[in-house]
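Coordinates as given in protein-v9.cif (mmCIF, C-alpha atoms):
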data_model
#
loop_
_atom_site.label_atom_id
_atom_site.label_comp_id
_atom_site.auth_asym_id
_atom_site.auth_seq_id
_atom_site.Cartn_x
_atom_site.Cartn_y
_atom_site.Cartn_z
CA MET A 781 -57.78 8.85 -68.35
CA ARG A 782 -57.89 12.50 -67.27
CA THR A 783 -60.15 11.71 -64.30
CA LEU A 784 -57.44 9.53 -62.77
CA HIS A 785 -54.41 10.64 -60.79
CA PRO A 786 -51.19 10.83 -62.91
CA PHE A 787 -49.69 8.01 -60.85
CA SER A 788 -52.58 5.67 -61.77
CA ARG A 789 -52.18 6.60 -65.45
CA LEU A 790 -48.44 5.92 -65.31
CA ALA A 791 -49.04 2.61 -63.50
CA SER A 792 -51.58 1.44 -66.09
CA VAL A 793 -49.23 2.10 -69.03
CA VAL A 794 -46.21 0.64 -67.22
CA GLY A 795 -48.28 -2.49 -66.40
CA VAL A 796 -49.12 -3.03 -70.07
CA LEU A 797 -45.49 -2.41 -71.06
CA MET A 798 -44.36 -5.03 -68.53
CA VAL A 799 -46.84 -7.54 -69.96
CA LEU A 800 -45.63 -6.86 -73.50
CA MET A 801 -41.97 -7.04 -72.59
CA PHE A 802 -41.90 -10.04 -70.26
CA CYS A 803 -44.69 -12.37 -71.43
CA ARG A 804 -43.71 -14.43 -74.44
CA SER A 805 -47.24 -15.02 -75.65
CA LEU A 806 -48.57 -14.44 -79.14
CA ALA A 807 -52.12 -13.78 -77.93
CA ALA A 808 -51.01 -11.27 -75.25
CA ALA A 809 -48.76 -9.42 -77.71
CA GLY A 810 -51.56 -9.26 -80.30
CA VAL A 811 -54.09 -7.99 -77.75
CA GLY A 812 -51.56 -5.44 -76.46
CA MET A 813 -50.96 -4.08 -79.95
CA VAL A 814 -54.68 -3.88 -80.85
CA CYS A 815 -55.50 -2.14 -77.54
CA GLY A 816 -52.61 0.29 -78.06
CA LEU A 817 -53.97 1.14 -81.51
CA ALA A 818 -57.47 1.63 -80.05
CA CYS A 819 -56.10 4.01 -77.39
CA ILE A 820 -54.20 6.02 -80.02
CA ALA A 821 -57.30 6.16 -82.25
CA MET A 822 -59.39 7.57 -79.38
CA GLN A 823 -56.74 9.94 -78.02
CA ASN A 824 -55.05 11.26 -81.15
CA GLY A 825 -57.60 10.49 -83.87
CA MET A 826 -57.99 7.92 -86.61
CA ARG A 827 -55.32 9.46 -88.83
CA SER A 828 -52.63 9.05 -86.20
CA CYS A 829 -53.79 5.48 -85.56
CA LEU A 830 -53.53 4.54 -89.24
CA LYS A 831 -50.09 6.16 -89.42
CA ALA A 832 -48.94 4.10 -86.41
CA LEU A 833 -50.40 0.95 -88.00
CA GLY A 834 -48.56 1.72 -91.24
CA LEU A 835 -45.29 1.87 -89.31
CA THR A 836 -45.79 -1.09 -86.99
CA LEU A 837 -47.38 -3.62 -89.34
CA PRO A 838 -44.37 -3.79 -91.73
CA LEU A 839 -42.11 -4.21 -88.67
CA CYS A 840 -44.16 -7.25 -87.55
CA VAL A 841 -44.13 -8.79 -91.04
CA LEU A 842 -40.41 -8.13 -91.45
CA SER A 843 -39.43 -9.66 -88.11
CA ALA A 844 -41.67 -12.69 -88.75
CA LEU A 845 -40.10 -13.28 -92.18
CA VAL A 846 -36.49 -12.59 -91.18
CA ASN A 847 -36.30 -14.58 -87.90
CA PRO A 848 -36.52 -18.05 -89.57
CA LEU A 849 -33.58 -17.05 -91.79
CA VAL A 850 -31.45 -16.57 -88.69
CA SER A 851 -32.88 -19.19 -86.33
CA HIS A 852 -33.35 -22.71 -87.69
CA ARG A 853 -34.90 -24.26 -84.60
CA GLY A 854 -38.31 -25.89 -84.69
CA MET A 855 -39.80 -29.08 -86.08
CA THR A 856 -42.29 -27.87 -88.72
CA VAL A 857 -40.12 -27.21 -91.76
CA LEU A 858 -41.92 -25.00 -94.28
CA LEU A 859 -39.10 -24.45 -96.77
CA PHE A 860 -35.38 -24.92 -97.18
CA VAL A 861 -33.58 -21.63 -97.86
CA ASN A 862 -30.00 -22.23 -99.00
CA ASP A 863 -30.31 -25.76 -97.54
CA ARG A 864 -31.19 -24.40 -94.09
CA ALA A 865 -34.59 -25.16 -92.57
CA TYR A 866 -37.14 -22.29 -92.56
CA THR A 867 -39.48 -23.31 -89.77
CA LEU A 868 -42.99 -22.35 -88.68
CA GLU A 869 -41.92 -22.10 -85.04
CA ALA A 870 -39.20 -19.55 -85.80
CA LEU A 871 -41.73 -17.61 -87.93
CA LEU A 872 -44.20 -17.46 -85.03
CA PHE A 873 -41.42 -16.45 -82.62
CA GLY A 874 -40.42 -13.63 -84.98
CA LEU A 875 -44.06 -12.53 -85.26
CA GLU A 876 -44.37 -12.45 -81.46
CA LEU A 877 -41.17 -10.39 -81.18
CA GLY A 878 -42.42 -7.94 -83.82
CA LEU A 879 -45.83 -7.64 -82.17
CA SER A 880 -44.44 -6.99 -78.69
CA LEU A 881 -41.83 -4.54 -80.00
CA SER A 882 -44.36 -2.52 -81.99
CA GLY A 883 -46.87 -2.87 -79.13
CA ALA A 884 -44.33 -1.34 -76.74
CA ALA A 885 -43.72 1.53 -79.18
CA LEU A 886 -47.49 2.11 -79.43
CA TRP A 887 -47.91 2.13 -75.66
CA PHE A 888 -45.13 4.70 -75.32
CA MET A 889 -47.19 6.84 -77.72
CA VAL A 890 -50.21 6.27 -75.47
CA MET A 891 -48.13 7.29 -72.45
CA ARG A 892 -47.27 10.56 -74.18
CA ALA A 893 -50.94 11.15 -74.89
CA VAL A 894 -52.21 10.49 -71.36
CA LEU A 895 -49.32 12.03 -69.39
CA ASP A 896 -47.86 15.41 -70.27
CA GLU A 897 -44.45 16.81 -69.35
CA ARG A 898 -45.78 18.74 -66.37
CA GLU A 899 -47.33 15.61 -64.86
CA MET A 900 -44.11 13.67 -65.38
CA LEU A 901 -42.24 16.44 -63.58
CA TYR A 902 -44.81 16.25 -60.78
CA LEU A 903 -44.46 12.45 -60.46
CA PHE A 904 -40.67 12.21 -60.48
CA GLY A 905 -39.74 15.68 -59.20
CA ARG A 906 -39.92 14.69 -55.56
CA LEU A 907 -37.77 11.59 -56.06
CA SER A 908 -35.08 13.14 -58.19
CA PRO A 909 -35.26 16.56 -59.87
CA LYS A 910 -32.58 15.59 -62.39
CA LEU A 911 -34.40 12.42 -63.46
CA ALA A 912 -37.68 14.32 -63.74
CA LEU A 913 -36.05 16.97 -65.85
CA THR A 914 -34.42 14.41 -68.14
CA VAL A 915 -37.66 12.44 -68.57
CA SER A 916 -39.80 15.48 -69.24
CA MET A 917 -37.27 16.99 -71.67
CA THR A 918 -36.99 13.70 -73.53
CA LEU A 919 -40.77 13.37 -73.74
CA GLY A 920 -41.08 16.91 -75.03
CA PHE A 921 -38.16 16.75 -77.43
CA ILE A 922 -39.55 14.57 -80.23
CA PRO A 923 -42.84 16.46 -80.79
CA ARG A 924 -40.94 19.76 -80.75
CA LEU A 925 -38.42 18.41 -83.26
CA LEU A 926 -41.23 17.16 -85.53
CA ALA A 927 -42.99 20.54 -85.37
CA LYS A 928 -39.71 22.29 -86.24
CA HIS A 929 -39.18 19.84 -89.11
CA ARG A 930 -42.60 20.72 -90.54
CA ARG A 931 -41.90 24.44 -90.21
CA ILE A 932 -38.51 24.25 -91.94
CA LEU A 933 -39.96 22.07 -94.69
CA SER A 934 -42.84 24.42 -95.42
CA ALA A 935 -40.51 27.43 -95.23
CA GLN A 936 -38.23 25.79 -97.82
CA HIS A 937 -41.23 24.96 -99.99
CA GLY A 938 -42.54 28.49 -99.69
CA SER A 939 -39.27 30.12 -100.65
CA GLY A 940 -38.79 27.78 -103.61
CA LEU A 941 -35.58 26.28 -102.26
CA MET A 942 -36.57 22.65 -102.94
CA ARG A 943 -34.55 20.73 -105.47
CA ASP A 944 -36.21 19.10 -108.48
CA ASN A 945 -38.75 16.34 -107.93
CA SER A 946 -36.41 13.40 -108.63
CA ILE A 947 -35.14 10.73 -106.24
CA SER A 948 -31.74 12.33 -105.69
CA GLY A 949 -33.29 15.82 -105.47
CA ARG A 950 -35.75 14.69 -102.82
CA MET A 951 -33.00 12.95 -100.86
CA GLU A 952 -30.90 16.12 -100.97
CA SER A 953 -33.68 18.35 -99.70
CA ALA A 954 -34.63 15.84 -96.98
CA SER A 955 -31.04 15.75 -95.75
CA ALA A 956 -30.82 19.56 -95.85
CA VAL A 957 -33.96 19.85 -93.68
CA TYR A 958 -32.65 17.13 -91.33
CA LEU A 959 -29.33 18.97 -90.96
CA ALA A 960 -31.15 22.21 -90.16
CA CYS A 961 -33.29 20.39 -87.59
CA THR A 962 -30.38 18.76 -85.78
CA SER A 963 -28.33 21.95 -85.64
CA TRP A 964 -31.37 23.79 -84.30
CA ALA A 965 -31.81 21.08 -81.63
CA ALA A 966 -28.14 21.26 -80.60
CA GLU A 967 -28.17 25.07 -80.35
CA ASN A 968 -31.45 25.00 -78.48
CA ALA A 969 -30.16 22.41 -75.99
CA ALA A 970 -27.03 24.46 -75.32
CA ALA A 971 -29.08 27.61 -74.78
CA ALA A 972 -31.53 25.79 -72.49
CA ALA A 973 -28.68 24.27 -70.47
CA GLN A 974 -27.02 27.67 -70.01
CA SER A 975 -30.23 29.34 -68.99
CA MET A 976 -31.06 26.57 -66.51
CA ASN A 977 -27.54 26.66 -65.11
CA ALA A 978 -27.86 30.38 -64.55
CA ARG A 979 -31.04 29.75 -62.56
CA CYS A 980 -29.43 27.01 -60.40
CA TYR A 981 -31.85 24.41 -61.77
CA GLY A 982 -31.46 20.86 -60.44
CA MET A 983 -29.20 21.96 -57.59
CA GLU A 984 -31.89 22.07 -54.92
CA ARG A 985 -35.03 20.06 -54.43
CA LEU A 986 -38.02 21.73 -55.99
CA THR A 987 -41.03 22.52 -53.88
CA TYR A 988 -44.43 21.54 -55.16
CA SER A 989 -47.89 22.72 -54.54
CA ASP A 990 -50.43 20.39 -56.00
CA ARG A 991 -54.04 19.73 -55.17
CA ARG A 992 -54.21 16.31 -56.83
CA LYS A 993 -54.72 13.48 -54.40
CA LEU A 994 -55.18 9.76 -54.78
CA ARG A 995 -58.96 9.36 -54.69
CA LYS A 996 -61.11 6.30 -54.05
CA GLY A 997 -61.36 5.57 -57.77
CA ASP A 998 -57.57 5.67 -58.09
CA VAL A 999 -57.11 3.27 -55.19
CA VAL A 1000 -59.61 0.79 -56.69
CA PHE A 1001 -57.96 1.12 -60.11
CA LEU A 1002 -54.47 0.59 -58.67
CA CYS A 1003 -55.59 -2.41 -56.61
CA LEU A 1004 -57.20 -4.02 -59.67
CA TYR A 1005 -54.06 -3.39 -61.66
CA PHE A 1006 -51.86 -4.84 -58.96
CA ILE A 1007 -54.00 -8.01 -58.81
CA LEU A 1008 -53.92 -8.40 -62.60
CA VAL A 1009 -50.16 -7.90 -62.89
CA THR A 1010 -49.59 -10.34 -60.01
CA ALA A 1011 -51.84 -12.90 -61.77
CA ILE A 1012 -49.89 -12.41 -65.02
CA VAL A 1013 -46.54 -12.86 -63.27
CA TYR A 1014 -47.90 -15.98 -61.52
CA PHE A 1015 -49.17 -17.51 -64.79
CA ALA A 1016 -45.95 -16.60 -66.59
CA LEU A 1017 -43.77 -18.15 -63.89
CA THR A 1018 -45.82 -21.34 -63.67
CA GLY A 1019 -45.28 -22.10 -67.35
CA GLY A 1020 -48.32 -20.37 -68.81
CA THR A 1021 -46.36 -18.67 -71.61
CA ASP A 1022 -46.10 -19.92 -75.18
CA GLY A 1023 -43.60 -22.65 -75.88
CA TYR A 1024 -42.00 -22.17 -79.29
CA TYR A 1025 -39.39 -24.92 -79.62
CA PRO A 1026 -39.37 -27.64 -80.74
CA VAL A 1027 -43.13 -27.44 -81.43
CA TYR A 1028 -45.34 -24.37 -80.87
CA GLU A 1029 -47.68 -24.63 -77.87
CA MET A 1030 -50.32 -22.00 -77.12
CA SER A 1031 -50.18 -20.30 -73.72
CA GLY A 1032 -52.83 -21.13 -71.15
CA THR A 1033 -56.16 -19.29 -71.09
CA GLY A 1034 -55.39 -17.85 -67.62
CA LEU A 1035 -52.51 -15.78 -68.94
CA THR A 1036 -54.39 -14.70 -72.07
CA VAL A 1037 -57.47 -13.59 -70.08
CA SER A 1038 -55.46 -11.65 -67.47
CA CYS A 1039 -53.31 -9.98 -70.18
CA THR A 1040 -56.45 -9.00 -72.11
CA ALA A 1041 -58.01 -7.52 -68.97
CA CYS A 1042 -54.80 -5.62 -68.18
CA CYS A 1043 -54.63 -4.12 -71.70
CA LEU A 1044 -58.38 -3.41 -71.90
CA MET A 1045 -58.60 -1.33 -68.73
CA PRO A 1046 -56.95 1.82 -70.18
CA VAL A 1047 -59.01 1.35 -73.38
CA ILE A 1048 -62.25 1.27 -71.35
CA PHE A 1049 -61.27 4.36 -69.36
CA ILE A 1050 -60.27 6.37 -72.42
CA GLY A 1051 -63.37 5.18 -74.29
CA LYS A 1052 -65.66 6.21 -71.43
CA GLU A 1053 -64.16 9.70 -71.29
CA ARG A 1054 -64.30 10.06 -75.05
CA ALA A 1055 -67.98 9.03 -75.07
CA ALA A 1056 -68.73 11.47 -72.24
CA TRP A 1057 -66.99 14.25 -74.18
CA LEU A 1058 -68.85 13.46 -77.39
CA TYR A 1059 -72.36 12.67 -76.17
CA CYS A 1060 -72.88 14.40 -72.82
CA THR A 1061 -73.31 17.92 -74.20
CA ALA A 1062 -74.92 20.77 -72.32
CA LYS A 1063 -78.61 21.09 -73.01
CA GLY A 1064 -80.33 24.39 -73.20
CA MET B 1454 -34.17 11.52 -115.52
CA LYS B 1455 -30.80 12.62 -114.26
CA LEU B 1456 -27.70 10.44 -114.45
CA LYS B 1457 -27.51 10.33 -110.64
CA ASP B 1458 -31.02 8.84 -110.39
CA THR B 1459 -30.32 6.27 -113.07
CA ALA B 1460 -27.16 5.21 -111.23
CA LEU B 1461 -29.08 4.95 -107.94
CA ILE B 1462 -31.80 2.79 -109.45
CA ALA B 1463 -29.24 0.60 -111.25
CA CYS B 1464 -27.30 0.04 -107.99
CA ALA B 1465 -30.47 -0.91 -106.10
CA ALA B 1466 -31.52 -3.28 -108.91
CA ALA B 1467 -28.04 -4.87 -108.96
CA VAL B 1468 -28.08 -5.48 -105.18
CA LEU B 1469 -31.58 -6.98 -105.36
CA GLY B 1470 -30.61 -9.12 -108.37
CA ILE B 1471 -27.47 -10.50 -106.73
CA THR B 1472 -29.44 -11.33 -103.56
CA ALA B 1473 -32.18 -13.04 -105.58
CA LEU B 1474 -29.60 -15.08 -107.52
CA ASN B 1475 -27.93 -16.29 -104.34
CA VAL B 1476 -31.11 -17.31 -102.57
CA ASP B 1477 -32.17 -20.86 -103.24
CA ILE B 1478 -35.61 -21.80 -101.95
CA LYS B 1479 -36.84 -25.39 -102.00
CA THR B 1480 -39.89 -27.08 -100.58
CA PRO B 1481 -39.17 -29.94 -98.15
CA ALA B 1482 -40.20 -32.47 -100.86
CA GLN B 1483 -37.74 -30.99 -103.38
CA TYR B 1484 -34.99 -30.81 -100.76
CA TYR B 1485 -35.33 -34.43 -99.68
CA ALA B 1486 -35.49 -35.53 -103.33
CA LEU B 1487 -32.13 -33.81 -103.92
CA HIS B 1488 -30.62 -34.93 -100.60
CA PRO B 1489 -31.94 -38.46 -100.15
CA THR B 1490 -31.51 -40.07 -96.76
CA GLU B 1491 -32.11 -43.61 -98.02
CA VAL B 1492 -28.96 -45.47 -99.01
CA THR B 1493 -28.54 -46.27 -102.70
CA GLU B 1494 -26.63 -49.36 -103.85
CA ASP B 1495 -23.41 -47.64 -104.90
CA GLY B 1496 -23.77 -44.45 -102.84
CA ALA B 1497 -21.81 -43.45 -99.76
CA PHE B 1498 -23.46 -44.07 -96.42
CA ILE B 1499 -22.92 -43.74 -92.67
CA THR B 1500 -24.47 -45.49 -89.70
CA LEU B 1501 -26.13 -43.07 -87.32
CA LYS B 1502 -27.14 -43.99 -83.79
CA VAL B 1503 -28.66 -41.62 -81.25
CA GLU B 1504 -28.52 -43.07 -77.77
CA ASN B 1505 -29.46 -41.89 -74.30
CA SER B 1506 -27.07 -43.75 -71.99
CA ALA B 1507 -28.74 -42.30 -68.88
CA GLU B 1508 -31.90 -44.27 -69.62
CA ASP B 1509 -30.38 -47.02 -71.81
CA ASP B 1510 -32.65 -45.91 -74.61
CA VAL B 1511 -31.87 -45.92 -78.34
CA ILE B 1512 -33.71 -43.03 -79.99
CA LEU B 1513 -32.63 -43.68 -83.59
CA GLU B 1514 -30.47 -46.19 -85.40
CA GLY B 1515 -30.00 -46.79 -89.09
CA ARG B 1516 -27.96 -46.44 -92.28
CA TYR B 1517 -28.30 -43.18 -94.12
CA ALA B 1518 -26.91 -41.74 -97.33
CA LEU B 1519 -23.88 -39.43 -97.11
CA ALA B 1520 -23.39 -36.64 -99.64
CA SER B 1521 -19.89 -35.50 -100.52
CA GLY B 1522 -18.57 -32.67 -98.36
CA GLU B 1523 -21.15 -33.17 -95.62
CA SER B 1524 -20.04 -32.85 -92.00
CA VAL B 1525 -21.31 -35.01 -89.14
CA PHE B 1526 -23.59 -32.14 -88.16
CA ASP B 1527 -25.01 -31.73 -91.70
CA VAL B 1528 -25.89 -35.38 -92.01
CA ALA B 1529 -27.31 -35.59 -88.46
CA ASN B 1530 -29.37 -32.43 -88.95
CA ARG B 1531 -30.76 -33.70 -92.26
CA VAL B 1532 -31.58 -37.18 -90.94
CA LEU B 1533 -33.13 -35.95 -87.68
CA ASN B 1534 -35.26 -33.37 -89.55
CA TYR B 1535 -36.35 -36.08 -91.95
CA GLU B 1536 -37.18 -38.55 -89.18
CA GLY B 1537 -39.06 -35.90 -87.19
CA VAL B 1538 -36.79 -35.97 -84.14
CA PRO B 1539 -36.54 -32.55 -82.41
CA PHE B 1540 -32.96 -31.27 -82.65
CA GLU B 1541 -31.63 -28.07 -81.11
CA TYR B 1542 -28.18 -26.59 -81.50
CA LYS B 1543 -26.17 -23.39 -81.15
CA GLY B 1544 -23.49 -21.84 -83.30
CA GLY B 1545 -22.48 -21.74 -86.95
CA ARG B 1546 -19.04 -23.24 -87.62
CA ASN B 1547 -18.59 -24.62 -84.13
CA VAL B 1548 -21.90 -26.30 -83.52
CA TYR B 1549 -22.87 -27.25 -79.98
CA VAL B 1550 -25.71 -29.76 -79.65
CA GLN B 1551 -28.12 -28.70 -76.93
CA SER B 1552 -30.96 -31.15 -77.18
CA ILE B 1553 -32.10 -34.17 -79.19
CA ASP B 1554 -35.63 -35.57 -78.90
CA GLY B 1555 -36.39 -33.20 -76.02
CA ILE B 1556 -33.50 -34.45 -73.87
CA ASP B 1557 -31.61 -31.28 -72.94
CA GLU B 1558 -28.10 -30.67 -71.68
CA PHE B 1559 -27.86 -30.64 -67.85
CA GLU B 1560 -31.15 -32.52 -67.49
CA TYR B 1561 -29.43 -35.33 -65.56
CA GLY B 1562 -27.04 -33.15 -63.57
CA ALA B 1563 -24.18 -30.72 -64.16
CA GLN B 1564 -22.08 -33.17 -66.21
CA SER B 1565 -24.84 -34.39 -68.50
CA GLY B 1566 -25.03 -33.51 -72.17
CA TRP B 1567 -24.60 -34.71 -75.74
CA LEU B 1568 -21.35 -35.84 -77.29
CA TYR B 1569 -20.53 -37.69 -80.48
CA THR B 1570 -18.17 -40.47 -81.50
CA VAL B 1571 -17.03 -41.64 -84.92
CA ASN B 1572 -16.06 -45.34 -85.06
CA GLY B 1573 -15.96 -45.38 -81.27
CA GLU B 1574 -13.56 -42.45 -80.91
CA MET B 1575 -14.29 -38.89 -79.90
CA PRO B 1576 -12.92 -36.43 -82.47
CA GLU B 1577 -11.38 -33.27 -81.06
CA VAL B 1578 -13.27 -30.92 -83.36
CA SER B 1579 -16.88 -29.75 -83.47
CA CYS B 1580 -19.29 -32.03 -85.32
CA ALA B 1581 -19.77 -29.31 -87.95
CA GLN B 1582 -16.06 -29.55 -88.87
CA TYR B 1583 -15.61 -33.31 -88.97
CA GLU B 1584 -16.23 -34.82 -92.39
CA PRO B 1585 -17.02 -38.53 -92.14
CA VAL B 1586 -16.17 -41.04 -94.88
CA SER B 1587 -18.43 -43.75 -96.23
CA GLY B 1588 -19.01 -46.59 -93.77
CA ASP B 1589 -18.29 -44.53 -90.63
CA GLU B 1590 -20.29 -45.28 -87.53
CA ILE B 1591 -21.52 -42.06 -85.95
CA VAL B 1592 -23.01 -42.19 -82.46
CA PHE B 1593 -24.64 -39.25 -80.68
CA LEU B 1594 -24.50 -40.24 -77.05
CA TYR B 1595 -26.20 -38.61 -74.09
CA VAL B 1596 -24.13 -39.02 -70.95
CA ASP B 1597 -24.91 -38.05 -67.37
CA GLU B 1598 -21.29 -38.27 -66.19
CA PHE B 1599 -19.02 -36.70 -68.77
CA TYR B 1600 -15.68 -37.51 -67.14
CA SER B 1601 -16.26 -41.20 -66.54
CA LYS B 1602 -18.04 -42.25 -69.75
CA GLY B 1603 -17.09 -39.63 -72.27
CA VAL B 1604 -13.37 -39.16 -71.89
CA GLN B 1605 -11.24 -42.20 -71.43
CA GLY B 1606 -7.71 -41.50 -70.31
#
Encoding of this model in structure tokens:
Amino acid sequence: MRTLHPFSRLASVVGVLMVLMFCRSLAAAGVGMVCGLACIAMQNGMRSCLKALGLTLPLCVLSALVNPLVSHRGMTVLLFVNDRAYTLEALLFGLELGLSLSGAALWFMVMRAVLDEREMLYLFGRLSPKLALTVSMTLGFIPRLLAKHRRILSAQHGSGLMRDNSISGRMESASAVYLACTSWAAENAAAAAQSMNARCYGMERLTYSDRRKLRKGDVVFLCLYFILVTAIVYFALTGGTDGYYPVYEMSGTGLTVSCTACCLMPVIFIGKERAAWLYCTAKG
Amino acid sequence: MKLKDTALIACAAAVLGITALNVDIKTPAQYYALHPTEVTEDGAFITLKVENSAEDDVILEGRYALASGESVFDVANRVLNYEGVPFEYKGGRNVYVQSIDGIDEFEYGAQSGWLYTVNGEMPEVSCAQYEPVSGDEIVFLYVDEFYSKGVQG
């Protein structure tokens, strides 16, 4: 996605997030999650993709299994748990919730991969310097915290400070590292706030000098995206989404096709750039 | 292994064990065998009628078995599930019936919805708190004008 303007990149991810959050459709949520995984695999590598899958798949299974215990609506009774109906419809609804929730988490990961802090600051800085600062600091915070966590952990390992390799010992050392991490984050935030205050940050509008412009490709991309999102909203409003109760009904093909196209566009762009990077090498 | 670890594992096992003991899973066939809806000769029974007064349509009518301690809601839920009539409700102790057989509240205007009567009278408690006795006539009635048909006087 590097060839596109940051605004187009943001729009593409926000479009997919809207689809995942507002369309109650099993097919759309499944496609969104698979496409998100594909983007992560191409951007961050297979290892990161498998790690994300390992986190999101149990969430989907858990929400699918737990929802029928709470909601007893639906006509297809699979079991009776404590004399309450455990229905197929509630199971599917839970699965859809899990898929869209983990899909949204995956697409936030994709957003971090395709848009860095500087570009976020560039996009929102003109509108509101404070918002831009908050967004970019939030986006940068988690990776920095994870890196610090790794450093503290390896430092503790290296100096032989780890407790014995039992369950309670491991829990104790994990909590010690966590405590060190959070206190570091708090101190760091206070220091950053003081230093920014001293430099009058966020008081005045920032000035920007940037040579990026919306090019023809960006305009075409944005127009396509706008048409797709409009089509999705139209299909969703005219009853194209899944009906869960009392009997499950699949959503219409119109919604599924437009959702698939919307989720596939970032995948195609990232895939094209990845292929260009891998196979178009300099000859000589 | 340290004492702390043993205690941790024992606690986790106890929690899992207690949960497993309290969960009772039955297949629909087993459930309906234990909670029969057909009336036996000496068993308790109720008469259940589900009626849509807006269309003068009787959705369900019949005599069904009543287990001891069952509320109007329990027996209606069991019978409607068994008969394959879609039934939607909200709440736990205070159950509110939203829809039966796809006929939703407010479908026939702002005053339309489901209410229930036992032997022709409207109890003042939720159907999940009213325990019927054998021989009671329970009617789930869909009305389009609550104040004229539902509440008399």
- Message: Can you translate the PyMOL selection byres ((chain A) within 8 of (chain B)) into the concrete residues it hits in this file, as a PyMOL selection string?
- Response: chain A and resi 853-855+857-863+946-948+1026
- Message: Using all atoms listed in the file, which protein or nucleic acid residues come within 10 Å of Gly997 (chain A)? Drop anything in the same chain fewer than 2 positions from it, and give the result as a list in words.
- Response: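 So, after excluding close chain neighbours, the residues are Thr783, Leu784, His785, Ser788, Leu994, Arg995, Val999, Val1000, Phe1001, Leu1002 and Cys1003 of chain A.
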Mind writing the picked residues with C-alpha atoms as a PDB file, keeping the file's coordinate frame?
ATOM      1  CA  THR A 783     -60.150  11.710 -64.300  1.00  0.00           C
ATOM      2  CA  LEU A 784     -57.440   9.530 -62.770  1.00  0.00           C
ATOM      3  CA  HIS A 785     -54.410  10.640 -60.790  1.00  0.00           C
ATOM      4  CA  SER A 788     -52.580   5.670 -61.770  1.00  0.00           C
ATOM      5  CA  LEU A 994     -55.180   9.760 -54.780  1.00  0.00           C
ATOM      6  CA  ARG A 995     -58.960   9.360 -54.690  1.00  0.00           C
ATOM      7  CA  VAL A 999     -57.110   3.270 -55.190  1.00  0.00           C
ATOM      8  CA  VAL A1000     -59.610   0.790 -56.690  1.00  0.00           C
ATOM      9  CA  PHE A1001     -57.960   1.120 -60.110  1.00  0.00           C
ATOM     10  CA  LEU A1002     -54.470   0.590 -58.670  1.00  0.00           C
ATOM     11  CA  CYS A1003     -55.590  -2.410 -56.610  1.00  0.00           C
TER      12      CYS A1003
END
- Pick from A:Val846, A:Met1045, A:Met976, A:Ala809 nearest to Tyr1005 (chain A), counting only C-alpha atoms: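 Using only C-alpha atoms, the shortest distance to Tyr1005 (chain A) belongs to A:Met1045.
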- Item | Given the PyMOL selection byres ((chain A and resi 929-936) around 12), the residues it picks as a ChimeraX atom specification | /A:922-928,937-943,950,953-965
Writing out the chosen residues with C-alpha atoms as an mmCIF file, in the coordinates of the input:
data_model
loop_
_atom_site.group_PDB
_atom_site.id
_atom_site.type_symbol
_atom_site.label_atom_id
_atom_site.label_comp_id
_atom_site.auth_asym_id
_atom_site.auth_seq_id
_atom_site.Cartn_x
_atom_site.Cartn_y
_atom_site.Cartn_z
ATOM 1 C CA ILE A 922 -39.550 14.570 -80.230
ATOM 2 C CA PRO A 923 -42.840 16.460 -80.790
ATOM 3 C CA ARG A 924 -40.940 19.760 -80.750
ATOM 4 C CA LEU A 925 -38.420 18.410 -83.260
ATOM 5 C CA LEU A 926 -41.230 17.160 -85.530
ATOM 6 C CA ALA A 927 -42.990 20.540 -85.370
ATOM 7 C CA LYS A 928 -39.710 22.290 -86.240
ATOM 8 C CA HIS A 937 -41.230 24.960 -99.990
ATOM 9 C CA GLY A 938 -42.540 28.490 -99.690
ATOM 10 C CA SER A 939 -39.270 30.120 -100.650
ATOM 11 C CA GLY A 940 -38.790 27.780 -103.610
ATOM 12 C CA LEU A 941 -35.580 26.280 -102.260
ATOM 13 C CA MET A 942 -36.570 22.650 -102.940
ATOM 14 C CA ARG A 943 -34.550 20.730 -105.470
ATOM 15 C CA ARG A 950 -35.750 14.690 -102.820
ATOM 16 C CA SER A 953 -33.680 18.350 -99.700
ATOM 17 C CA ALA A 954 -34.630 15.840 -96.980
ATOM 18 C CA SER A 955 -31.040 15.750 -95.750
ATOM 19 C CA ALA A 956 -30.820 19.560 -95.850
ATOM 20 C CA VAL A 957 -33.960 19.850 -93.680
ATOM 21 C CA TYR A 958 -32.650 17.130 -91.330
ATOM 22 C CA LEU A 959 -29.330 18.970 -90.960
ATOM 23 C CA ALA A 960 -31.150 22.210 -90.160
ATOM 24 C CA CYS A 961 -33.290 20.390 -87.590
ATOM 25 C CA THR A 962 -30.380 18.760 -85.780
ATOM 26 C CA SER A 963 -28.330 21.950 -85.640
ATOM 27 C CA TRP A 964 -31.370 23.790 -84.300
ATOM 28 C CA ALA A 965 -31.810 21.080 -81.630
#
- Query: Got a sec to check which residues sit within 12 Å of (-21.8, -48.3, -95.0), counting only C-alpha atoms, and write them as a list in words?
  - Reply: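 The answer, in the requested form, is Glu1491, Val1492, Thr1493, Glu1494, Asp1495, Gly1496, Ala1497, Phe1498, Ile1499, Thr1500, Leu1501, Gly1515, Arg1516, Tyr1517, Ala1518, Leu1519, Asn1572, Pro1585, Val1586, Ser1587, Gly1588, Asp1589, Glu1590 and Ile1591 of chain B.
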- Task: Using only C-alpha atoms, find the one residue out of A:Arg979, A:Arg906, A:Arg864, A:Arg782 that sits nearest to Ala1056 (chain A).
- Result: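 Smallest separation from Ala1056 (chain A) among the options: A:Arg782.
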